[in-house]
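Student: What follows is a single structure, and I will ask about it in a moment.
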Amino acid sequence: MKIWNIVTPEKEYEIEVGNCTLLYGQQLVWNRLIRQVDDFFNTRNSQIEIFEGSLPINKRDWRCFFIPYDAEVQLSKITANSPLKDVQTDVVDQLKHSPLFQELLEIWADLDGELQFINKRLKNWGIHTSLSVFDEKTLASHVIFNPMDEETLSPIQLKMLLLNIILEKPIDKKTLIIIELPELFASNQELQKLNIIVDKAIAKGYQFLFVSKHMNFGVSNFYYKERIINSALLEQIKRKVCNEVPFYCSENLYDKAKEIFLTIVDNSISEGDILHPSIENYGMIVTIIHVMMYNLDMEVPQVPQGLEPNLKRFIRDLH
């Protein structure tokens, strides 16, 4: 269990991180936060700081790649900054060693010689003509890419293309890959394919940070009532909560309350929609959840129905 403390000029955020970390939902908070994480790793004079525990992260030990929700890749024209530039270079390196390329250079030179007759006519005009040099750079300009099945790549296909390009690079540093909203215009089958690629990458040592509404993208962080909530945070306050409730709180009881609280946070629903007086240890679980929220400086909701009078008074005193 690891915590990253992300310090921005405006605010501090604590997220629980693992090999695959999820910032759940489509919150504007996440939209900004992941760009600040990218800024920390990739901007020389970034004002963002990130600590793991109490130790600052040395960004020179890391590489960070960001694949935003609206990622675009031009396939038909490869610029110097294109993510496909290295792939194009690999293609040219392979083609230039082909006997056919050497033959093409010879044919090009012979074709240039064919211009002598035209140059006799142009001589009286004070000019002459020639073919431009055909070399590796010329060959590269003719190496383009096209989708295999459709006219254009879908958003999820573009994200997987960029991910595969990143995974082709040597992993000589810790590597974080940020992927934003992969589910946009994606089928379940495509998301499963993405998960397979991610799982293989994690096995090689890559780390991922997702913003998504799909729960299968790793360690979950939720933004709920102006707070980031995660399992690690609830573990941090566990002893304090257990000491403050007016009854003995066992490990199993706290874990059950934590599970229900995260379900409430996950679905943005009220405890009344998930907790009913008929469930086992109803009053204790409700009390634990209220004390959790109190310790997290969150607005404590109204006392639900069906509580024992002493627990009801205890919760009201938290307000």
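Residues are referred to by chain and number: the chain letter is A, B, ... according to the order shown in the structure tokens, the number counts from 1 in that chain, and ligands are numbered separately from 1 in the order shown.
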Tell me which protein, DNA and RNA residues are within 12 Å of Asp172 of chain A, counting only C-alpha atoms, leaving out same-chain ones fewer than 5 positions away, and put them as a PyMOL selection string.

Tutor: chain A and resi 60-63+167+204-206

Student: Leaving out Val265 of chain A and any residue of its chain fewer than 2 positions from it, which residues lie within 12 Å of it when counting only C-alpha atoms, given as a list in words?

Tutor: Tyr24, Gly25, Ser220, Asn221, Phe222, Tyr223, Tyr224, Lys225, Glu226, Arg227, Ile228, Ile229, Asn230, Ser231, Lys258, Glu259, Ile260, Phe261, Leu262, Thr263, Asn267, Ser268, Ile269, Ser270, Glu271, Ile274, Ile289 and Met293 of chain A

Student: Have a look at A:Gln27, A:Phe314, A:Gln189, A:Ile67 and name the one nearest to Asn164 of chain A; count only C-alpha atoms.

Tutor: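 So, comparing all the options, the nearest one is A:Ile67.
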
Student: If you run DSSP on the backbone here, which positions in segment 48-295 of chain A get helix (DSSP H, G or I)? Please write them as a PyMOL selection string.

Tutor: chain A and resi 59-61+85-95+99-113+116-123+136-141+155-167+188-203+231-236+238-244+251-267+271-274+282-295

Student: Hey, what's within 12 Å of Gln207 of chain A if we count only C-alpha atoms and toss same-chain stuff fewer than 6 positions away? As number ranges by chain, please?

Tutor: A: 17-22, 62-65, 167, 171, 173-179, 198-201, 217-219

Student: I need the residues from that last selection saved to file as a compact mmCIF listing (two decimals), in the first residue's frame (with N, CA, C and O atoms), if you can.

Tutor:
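As written to disk, result-v6.txt reads:
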```txt
# COMPACT_ATOMS: atom_id res chain seq x y z
N VAL A 17 -1.75 4.40 -4.57
CA VAL A 17 -1.21 3.95 -5.85
C VAL A 17 -0.73 2.50 -5.74
O VAL A 17 -0.36 2.02 -4.68
N GLY A 18 -0.76 1.84 -6.87
CA GLY A 18 -0.23 0.49 -7.01
C GLY A 18 0.33 0.35 -8.41
O GLY A 18 0.56 1.34 -9.11
N ASN A 19 0.52 -0.89 -8.85
CA ASN A 19 0.98 -1.09 -10.23
C ASN A 19 -0.04 -0.55 -11.23
O ASN A 19 0.31 -0.10 -12.31
N CYS A 20 -1.31 -0.62 -10.84
CA CYS A 20 -2.38 -0.09 -11.68
C CYS A 20 -3.33 0.69 -10.77
O CYS A 20 -3.96 0.11 -9.89
N THR A 21 -3.39 1.99 -10.96
CA THR A 21 -4.14 2.88 -10.07
C THR A 21 -5.33 3.47 -10.82
O THR A 21 -5.20 3.87 -11.98
N LEU A 22 -6.46 3.51 -10.14
CA LEU A 22 -7.68 4.05 -10.75
C LEU A 22 -8.13 5.30 -10.02
O LEU A 22 -8.27 5.31 -8.80
N TRP A 62 12.33 8.49 -13.46
CA TRP A 62 11.06 8.09 -14.06
C TRP A 62 10.94 8.56 -15.50
O TRP A 62 11.55 9.53 -15.90
N ARG A 63 10.08 7.85 -16.23
CA ARG A 63 9.50 8.35 -17.48
C ARG A 63 7.99 8.33 -17.30
O ARG A 63 7.44 7.44 -16.66
N CYS A 64 7.33 9.33 -17.88
CA CYS A 64 5.87 9.40 -17.78
C CYS A 64 5.30 9.68 -19.16
O CYS A 64 5.75 10.59 -19.85
N PHE A 65 4.33 8.88 -19.55
CA PHE A 65 3.63 9.07 -20.82
C PHE A 65 2.15 9.29 -20.54
O PHE A 65 1.56 8.60 -19.71
N LEU A 167 5.22 0.86 -25.28
CA LEU A 167 5.75 -0.40 -24.76
C LEU A 167 6.88 -0.96 -25.63
O LEU A 167 7.57 -1.89 -25.21
N ILE A 171 12.73 -0.13 -21.35
CA ILE A 171 12.30 0.27 -20.01
C ILE A 171 13.54 0.35 -19.12
O ILE A 171 13.86 -0.56 -18.37
N LYS A 173 13.98 2.98 -17.02
CA LYS A 173 13.61 3.75 -15.83
C LYS A 173 12.23 3.28 -15.35
O LYS A 173 11.53 2.55 -16.07
N LYS A 174 11.87 3.70 -14.15
CA LYS A 174 10.49 3.49 -13.74
C LYS A 174 9.60 4.22 -14.74
O LYS A 174 9.89 5.36 -15.11
N THR A 175 8.54 3.57 -15.17
CA THR A 175 7.70 4.15 -16.23
C THR A 175 6.24 4.18 -15.81
O THR A 175 5.66 3.14 -15.49
N LEU A 176 5.67 5.38 -15.82
CA LEU A 176 4.26 5.58 -15.52
C LEU A 176 3.53 5.94 -16.80
O LEU A 176 3.94 6.84 -17.53
N ILE A 177 2.43 5.22 -17.07
CA ILE A 177 1.61 5.50 -18.25
C ILE A 177 0.22 5.93 -17.76
O ILE A 177 -0.46 5.18 -17.06
N ILE A 178 -0.18 7.14 -18.12
CA ILE A 178 -1.48 7.69 -17.71
C ILE A 178 -2.45 7.55 -18.89
O ILE A 178 -2.16 8.00 -20.00
N ILE A 179 -3.59 6.92 -18.64
CA ILE A 179 -4.59 6.74 -19.69
C ILE A 179 -5.92 7.31 -19.19
O ILE A 179 -6.43 6.91 -18.15
N VAL A 198 -2.32 -4.27 -20.75
CA VAL A 198 -1.89 -3.64 -19.49
C VAL A 198 -1.31 -4.68 -18.54
O VAL A 198 -0.26 -4.46 -17.93
N ASP A 199 -1.97 -5.82 -18.41
CA ASP A 199 -1.49 -6.87 -17.50
C ASP A 199 -0.09 -7.35 -17.90
O ASP A 199 0.79 -7.56 -17.04
N LYS A 200 0.14 -7.51 -19.20
CA LYS A 200 1.46 -7.94 -19.67
C LYS A 200 2.51 -6.87 -19.39
O LYS A 200 3.65 -7.18 -19.03
N ALA A 201 2.11 -5.60 -19.55
CA ALA A 201 3.05 -4.50 -19.30
C ALA A 201 3.40 -4.41 -17.81
O ALA A 201 4.55 -4.16 -17.45
N PHE A 217 -9.81 -1.29 -13.30
CA PHE A 217 -8.50 -0.71 -13.63
C PHE A 217 -7.67 -0.44 -12.38
O PHE A 217 -7.03 0.58 -12.25
N GLY A 218 -7.68 -1.36 -11.42
CA GLY A 218 -6.71 -1.30 -10.34
C GLY A 218 -7.18 -0.62 -9.07
O GLY A 218 -8.38 -0.50 -8.79
N VAL A 219 -6.21 -0.17 -8.27
CA VAL A 219 -6.45 0.44 -6.96
C VAL A 219 -7.34 1.67 -7.11
O VAL A 219 -7.03 2.58 -7.87
```

Student: Which residue gives the smallest distance to Asn243 of chain A among A:Asn45, A:Asn295, A:Gln157, A:Thr89, with only C-alpha atoms counted?

Tutor: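 Checking each candidate against Asn243 of chain A, we get A:Asn295 as the closest.
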
Student: To one decimal place, how far is atom CA of Ser132 of chain A from atom CA of Ile107 of chain A in Å?

Tutor: 13.4 Å

Student: Quick one: pull the distance between atom CA of Glu180 of chain A and atom CA of Asp90 of chain A, Å, one decimal.

Tutor: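 Between these atoms lies a distance of 28.6 Å.
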
Student: Restricting the calculation to only C-alpha atoms: of A:Glu251, A:Gln26, A:Arg32, A:Ile237, which residue gets closest to Glu183 of chain A?

Tutor: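 Of the candidates, the smallest distance to Glu183 of chain A is held by A:Gln26.
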
Student: Would you compute the distance between atom CA of Ser130 of chain A and atom CA of Leu105 of chain A? Give it in Å to one decimal.

Tutor: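 Atom CA of Leu105 of chain A lies 14.7 Å from atom CA of Ser130 of chain A.
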
Student: Find the spatial neighbours of Ile197 of chain A, counting only C-alpha atoms, within a cut-off of 12 Å - ignore same-chain residues fewer than 6 positions away - and output them as a list of chain:residue names.

Tutor: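 Neighbouring residues, sequence-local ones excluded: A:Lys159, A:Met160, A:Leu161, A:Leu162, A:Leu163, A:Asn164, A:Ile165, A:Ile166, A:Leu167, A:Glu190, A:Leu191, A:Ala203, A:Lys204, A:Tyr206, A:Phe208.
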
Student: I need the residue nearest Ile57 of chain A from this list: A:Leu209, A:Met284, A:Val37, A:Leu233. Use only C-alpha atoms for the distance.

Tutor: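 Closest to Ile57 of chain A, using only C-alpha atoms: A:Val37.
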
Student: Skip segment 109-119 of chain A itself and residues of its chain fewer than 6 positions away, then list as number ranges by chain all residues within 7 Å of it, counting only C-alpha atoms.

Tutor: A: 128-131

Student: So that I can check the surroundings of Gln74 of chain A, please list as a PyMOL selection string every protein, DNA and RNA residue that reaches within 9 Å of it, counting only C-alpha atoms and ignoring chain neighbours fewer than 4 positions away.

Tutor: chain A and resi 78-79+82+84+145

Student: In terms of the shortest atom-to-atom distance over only C-alpha atoms, which of A:Asn42, A:Glu235, A:Asp266, A:Cys249 is closest to Glu16 of chain A?

Tutor: A:Glu235
